[in-house]
Amino acid sequence: MTDYDVLRVFCGPSGGYGNELGVVREGSLMPGQDDRQALAAKLGFSETVFVDDPERGVIDIYTPVSRLPFAGHPCVGTAWLLDVPELVTPAGAVGTRLDGEFTWIEARAEWAPPRTLRQYASAAEVDALEVPPPGEWIYAWAWEDEAAGRVRARAFPGRDDGVDEDEATGAAALLLTDRLGRALNITQGRGSQILTAPQPYGWVEVGGRVVLER
């Protein structure tokens with residue numbers, strides 16, 4: 001088995017929750033896409049990152065069933081781990097910065113895979129949702145406090161790959177921020193926290209806490 005780190009990304013204020021991420025720091029040891037896809041499926045995390053050049057921040061991202069040109073929580077987690085000024089993804093160069101307990105990335109909404117952003121009337125309705133059948137990637141959200149930009153959200157990838165609910169989803173948060181045009185403080189899943197802020201010229205910052213699990 002190739003060595004890998006496990007991070008939790010978008011942790012809550014106490015350091016709990018967050019979405020697990022596998023990071024293979026020496027991606028050059030497994031250059032083939034088929035091998036990478038097989039390892040990502042075996043590990044079973046919502047995403048696994050292969051670092052192809054740690055100094056330049058060149059990365060390759062996989063779900064258990066597909067390769068992604070960009071994804072939010074893998075970029076935030078890898079930015080924290082590598083501490084580089086940018087990450088190079090197939091979608092484009094992702095700016096990164098560390099700010100106290102938060103790690104931030106800057107990306108564009110058009111890089112994010114399509115999601116259905118489905119608004120509900122209350123946070124309680126989002127909490128009560130059952131996992132929908134596979135087929136549609138759904139980001140269910142509701143205002144907890146609209147004036148303060150506080151959002152309650154849950155994410156259902158619908159890929160039928162064993163990940164029925166995504167604990168914290170940076171790309172979906174990016175899309176929601178782009179649609180609403182305002183900074184958000186999102187509580188997702190069981191208690192993960194995602195912060196976002198729109199930037200000039202179509203860019204969006206997404207930030208959160210990262211911890212090394214093992």
# chains A, B, ... in the order shown; residues from 1 in each chain; ligands from 1
call {"tool": "residues_around", "arguments": {"residues": "Val51 of chain A", "least_positions_apart": "3", "cutoff": "6 Å", "atoms": "only C-alpha atoms", "output": "PyMOL selection string"}}
result
chain A and resi 25+27+59
call {"tool": "write_last_selection", "arguments": {"atoms": "N, CA and C atoms", "output": "compact mmCIF listing (two decimals), in the first residue's frame"}}
result
# COMPACT_ATOMS: atom_id res chain seq x y z
N ARG A 25 1.58 11.98 -0.80
CA ARG A 25 2.57 13.04 -1.02
C ARG A 25 3.52 12.71 -2.17
N GLY A 27 3.24 11.29 -5.25
CA GLY A 27 2.42 10.82 -6.35
C GLY A 27 3.21 10.20 -7.48
N ILE A 59 -1.15 18.96 -8.33
CA ILE A 59 -1.92 17.89 -7.70
C ILE A 59 -2.90 17.27 -8.69
call {"tool": "closest_atom_pairs", "arguments": {"of": "segment 139-177 of chain A", "to": "segment 92-114 of chain A", "cutoff": "9 Å", "atoms": "only C-alpha atoms", "output": "CSV"}}
result
residue,atom,partner,partner_atom,distance
A:Ala171,CA,A:Ala112,CA,5.4
A:Ala172,CA,A:Ala112,CA,7.5
A:Leu174,CA,A:Ala109,CA,6.1
A:Leu175,CA,A:Ala109,CA,5.5
A:Leu176,CA,A:Ala109,CA,8.9
A:Thr177,CA,A:Ala109,CA,8.8
call {"tool": "residues_around", "arguments": {"residues": "Ala124 of chain A", "least_positions_apart": "5", "cutoff": "9 Å", "atoms": "only C-alpha atoms", "output": "list of chain:residue names"}}
result
A:Leu129, A:Ala142, A:Arg152
call {"tool": "residues_around", "arguments": {"residues": "Asp3 of chain A", "least_positions_apart": "3", "cutoff": "10 Å", "atoms": "only C-alpha atoms", "output": "JSON, numbers by chain"}}
result
{"A": [22, 23, 24, 25, 26, 27, 29]}
call {"tool": "atom_distance", "arguments": {"atom1": "atom CA of Glu47 of chain A", "atom2": "atom CA of Gly170 of chain A"}}
result
11.7 Å
call {"tool": "residues_around", "arguments": {"residues": "Gln37 of chain A", "least_positions_apart": "4", "cutoff": "9 Å", "atoms": "only C-alpha atoms", "output": "VMD selection string"}}
result
chain A and resid 32 to 33 41 to 42 62 to 67
call {"tool": "select_by_dssp", "arguments": {"residues": "segment 19-175 of chain A", "states": "alpha helix (DSSP H)", "output": "number ranges by chain"}}
result
A: 33-43, 72-82, 123-127, 170-175
call {"tool": "write_last_selection", "arguments": {"atoms": "C-alpha atoms", "output": "PDB file, in the first residue's frame"}}
result
ATOM      1  CA  GLN A  33      -4.386   7.188 -13.685  1.00  0.00           C
ATOM      2  CA  ASP A  34      -5.818   3.669 -13.485  1.00  0.00           C
ATOM      3  CA  ASP A  35      -3.669   2.889 -10.440  1.00  0.00           C
ATOM      4  CA  ARG A  36      -4.618   6.163  -8.810  1.00  0.00           C
ATOM      5  CA  GLN A  37      -8.291   5.538  -9.428  1.00  0.00           C
ATOM      6  CA  ALA A  38      -7.989   2.041  -7.942  1.00  0.00           C
ATOM      7  CA  LEU A  39      -6.302   3.382  -4.802  1.00  0.00           C
ATOM      8  CA  ALA A  40      -8.911   6.142  -4.403  1.00  0.00           C
ATOM      9  CA  ALA A  41     -11.646   3.500  -4.635  1.00  0.00           C
ATOM     10  CA  LYS A  42      -9.866   1.296  -2.096  1.00  0.00           C
ATOM     11  CA  LEU A  43      -9.370   4.122   0.406  1.00  0.00           C
ATOM     12  CA  GLY A  72     -12.692  22.354  -2.805  1.00  0.00           C
ATOM     13  CA  HIS A  73     -11.835  20.383   0.318  1.00  0.00           C
ATOM     14  CA  PRO A  74      -8.917  18.560  -1.374  1.00  0.00           C
ATOM     15  CA  CYS A  75      -7.391  21.913  -2.349  1.00  0.00           C
ATOM     16  CA  VAL A  76      -7.869  23.427   1.118  1.00  0.00           C
ATOM     17  CA  GLY A  77      -6.389  20.356   2.807  1.00  0.00           C
ATOM     18  CA  THR A  78      -3.433  20.056   0.433  1.00  0.00           C
ATOM     19  CA  ALA A  79      -2.736  23.808   0.664  1.00  0.00           C
ATOM     20  CA  TRP A  80      -2.464  23.430   4.441  1.00  0.00           C
ATOM     21  CA  LEU A  81      -0.231  20.362   4.142  1.00  0.00           C
ATOM     22  CA  LEU A  82       2.180  21.738   1.509  1.00  0.00           C
ATOM     23  CA  ALA A 123     -32.464  24.599   8.765  1.00  0.00           C
ATOM     24  CA  ALA A 124     -34.767  22.076  10.432  1.00  0.00           C
ATOM     25  CA  GLU A 125     -35.977  20.904   7.014  1.00  0.00           C
ATOM     26  CA  VAL A 126     -32.378  20.368   5.900  1.00  0.00           C
ATOM     27  CA  ASP A 127     -31.626  18.450   9.110  1.00  0.00           C
ATOM     28  CA  GLY A 170     -15.866  23.310  -0.796  1.00  0.00           C
ATOM     29  CA  ALA A 171     -16.872  23.275  -4.462  1.00  0.00           C
ATOM     30  CA  ALA A 172     -20.580  23.393  -3.626  1.00  0.00           C
ATOM     31  CA  ALA A 173     -19.957  26.204  -1.140  1.00  0.00           C
ATOM     32  CA  LEU A 174     -18.093  28.058  -3.890  1.00  0.00           C
ATOM     33  CA  LEU A 175     -21.051  27.653  -6.266  1.00  0.00           C
TER      34      LEU A 175
END
call {"tool": "closest_residue", "arguments": {"among": "A:Gly181, A:Gly191, A:Pro90, A:Gly207", "to": "Pro13 of chain A", "atoms": "only C-alpha atoms"}}
result
A:Gly191
call {"tool": "closest_residue", "arguments": {"among": "A:Val151, A:Leu68, A:Leu212, A:Val206", "to": "Thr169 of chain A", "atoms": "only C-alpha atoms"}}
result
A:Val206
call {"tool": "select_by_dssp", "arguments": {"residues": "chain A", "states": "strand (DSSP E)", "output": "PyMOL selection string"}}
result
chain A and resi 5-11+19-24+48-53+58-62+67-68+86-89+92-99+102-108+116-119+138-145+150-156+184-188+192-198+203-212
call {"tool": "residues_around", "arguments": {"residues": "Leu7 of chain A", "least_positions_apart": "3", "cutoff": "6 Å", "atoms": "only C-alpha atoms", "output": "list in words"}}
result
Glu20, Leu21, Val211, Leu212 and Glu213 of chain A
call {"tool": "closest_residue", "arguments": {"among": "A:Gln193, A:Gln199, A:Thr187, A:Ser28", "to": "Phe10 of chain A", "atoms": "only C-alpha atoms"}}
result
A:Gln193
